[in-house]
$ cat run.txt   # compact mmCIF, C-alpha atoms
# COMPACT_ATOMS: atom_id res chain seq x y z
CA SER A 125 -28.87 17.92 -17.73
CA LYS A 126 -31.33 19.42 -20.14
CA ASN A 127 -28.49 19.98 -22.59
CA ILE A 128 -27.68 16.74 -24.44
CA TYR A 129 -24.10 17.83 -25.18
CA LEU A 130 -23.36 18.47 -21.50
CA PHE A 131 -24.89 15.12 -20.65
CA ILE A 132 -22.73 13.31 -23.20
CA LEU A 133 -19.61 15.18 -22.02
CA GLY A 134 -20.36 14.27 -18.40
CA PHE A 135 -20.96 10.65 -19.37
CA VAL A 136 -17.66 10.48 -21.27
CA ILE A 137 -15.77 11.98 -18.31
CA PHE A 138 -17.50 9.55 -15.95
CA GLU A 139 -16.64 6.52 -18.09
CA PHE A 140 -13.05 7.72 -18.50
CA SER A 141 -12.72 8.00 -14.71
CA LEU A 142 -14.28 4.58 -14.25
CA GLY A 143 -11.79 3.12 -16.73
CA ILE A 144 -8.89 4.66 -14.82
CA ALA A 145 -10.22 3.30 -11.52
CA ASN A 146 -10.66 -0.21 -12.92
CA THR A 147 -7.21 -0.21 -14.49
CA SER A 148 -5.66 1.05 -11.27
CA TYR A 149 -7.38 -1.71 -9.30
CA PHE A 150 -6.00 -4.50 -11.48
CA THR A 151 -2.55 -2.90 -11.57
CA TRP A 152 -2.57 -2.76 -7.78
CA VAL A 153 -3.65 -6.42 -7.53
CA TYR A 154 -0.82 -7.57 -9.82
CA ASP A 155 1.81 -5.34 -8.19
CA TYR A 156 1.10 -6.00 -4.51
CA ILE A 157 -0.51 -9.43 -4.16
CA PRO A 158 1.80 -12.45 -4.52
CA GLU A 159 1.04 -14.76 -7.45
CA GLU A 160 0.44 -17.77 -5.19
CA VAL A 161 -2.56 -16.16 -3.46
CA ARG A 162 -3.62 -13.66 -6.12
CA ALA A 163 -6.68 -15.65 -7.26
CA THR A 164 -8.03 -15.94 -3.71
CA TYR A 165 -7.48 -12.28 -2.89
CA SER A 166 -8.78 -11.17 -6.27
CA SER A 167 -11.99 -13.18 -5.78
CA ALA A 168 -12.46 -11.76 -2.29
CA LEU A 169 -11.82 -8.20 -3.45
CA ASN A 170 -14.23 -8.62 -6.37
CA SER A 171 -16.90 -9.91 -3.97
CA VAL A 172 -16.41 -6.92 -1.69
CA ARG A 173 -16.46 -4.57 -4.68
CA ALA A 174 -19.67 -6.11 -6.06
CA PHE A 175 -21.39 -6.01 -2.66
CA SER A 176 -20.38 -2.42 -1.99
CA GLY A 177 -21.51 -1.45 -5.51
CA PHE A 178 -24.90 -3.03 -4.83
CA ILE A 179 -25.23 -1.27 -1.48
CA MET A 180 -24.23 2.08 -3.00
CA SER A 181 -26.72 1.65 -5.85
CA VAL A 182 -29.54 0.98 -3.39
CA PHE A 183 -28.43 3.84 -1.11
CA LEU A 184 -28.08 6.39 -3.91
CA GLY A 185 -31.33 5.21 -5.49
CA LYS A 186 -33.12 5.89 -2.21
CA VAL A 187 -31.38 9.27 -1.82
CA ILE A 188 -32.33 10.29 -5.35
CA GLN A 189 -35.90 9.10 -4.85
CA ASP A 190 -36.29 11.03 -1.59
CA LEU A 191 -34.08 14.10 -2.13
CA GLY A 192 -33.57 14.43 -5.88
CA TYR A 193 -30.71 14.08 -8.34
CA ASN A 194 -28.76 17.09 -7.09
CA THR A 195 -28.22 15.49 -3.70
CA GLY A 196 -26.95 12.32 -5.36
CA TRP A 197 -24.47 14.34 -7.43
CA ILE A 198 -23.32 16.25 -4.35
CA ILE A 199 -22.70 12.97 -2.51
CA ALA A 200 -20.75 11.70 -5.53
CA LEU A 201 -18.70 14.92 -5.67
CA VAL A 202 -17.88 14.87 -1.97
CA SER A 203 -16.97 11.18 -1.96
CA THR A 204 -14.77 11.67 -5.04
CA LEU A 205 -12.94 14.58 -3.43
CA ILE A 206 -12.42 12.59 -0.23
CA SER A 207 -11.10 9.68 -2.29
CA ILE A 208 -8.68 11.91 -4.21
CA ILE A 209 -7.39 13.57 -1.02
CA TRP A 210 -6.97 10.17 0.64
CA LEU A 211 -5.07 8.76 -2.36
CA LEU A 212 -2.82 11.84 -2.49
CA LYS A 213 -2.08 11.44 1.22
CA ILE A 214 -1.21 7.76 0.73
CA HIS A 215 0.95 8.64 -2.27
CA LYS A 216 2.78 11.33 -0.27
CA ASN A 217 3.49 8.92 2.61
CA ASP A 218 4.56 5.99 0.38
CA LYS A 219 8.32 6.08 -0.06
CA ASN A 220 8.24 3.61 -2.98
CA PHE A 221 6.96 6.25 -5.43
$ encode --input "run.txt" --output "structure tokens"
Amino acid sequence: SKNIYLFILGFVIFEFSLGIANTSYFTWVYDYIPEEVRATYSSALNSVRAFSGFIMSVFLGKVIQDLGYNTGWIIALVSTLISIIWLLKIHKNDKNF
């Protein structure tokens, strides 16, 4: 964004969302993975998360390099909407909530 205030606002919203996602991840790990195997599963999940983060960084870097920032933001928007819809569907079908 050419407007510094919009950029800062977008960055704050992004970091807030990232904080919610990270908190949700650890809450899920502690709620659903038994204590006896939690360390093993947590390590495996962190490895998968780190690897997928690396792959996404490379992928989006290439997209932005070839197609520009707008395409990267559109991919982020679409993937976020898909994620939200998927989580809402899971929440609707989970009888424990």
$ atom_distance --input "run.txt" --atom1 "CA of Tyr154 (chain A)" --atom2 "CA of Leu142 (chain A)"
18.7 Å
$ closest_residue --input "run.txt" --among "A:Ile137, A:Asn146, A:Asn194, A:Pro158" --to "Arg173 (chain A)" --atoms "only C-alpha atoms"
A:Asn146
$ atom_distance --input "run.txt" --atom1 "CA of Phe178 (chain A)" --atom2 "CA of Thr151 (chain A)"
23.3 Å
$ atom_distance --input "run.txt" --atom1 "CA of Thr195 (chain A)" --atom2 "CA of Tyr149 (chain A)"
27.6 Å
$ residues_around --input "run.txt" --residues "region 163-170 of chain A" --least-positions-apart "6" --cutoff "9 Å" --atoms "all atoms listed in the file" --output "PyMOL selection string"
chain A and resi 150+153+157
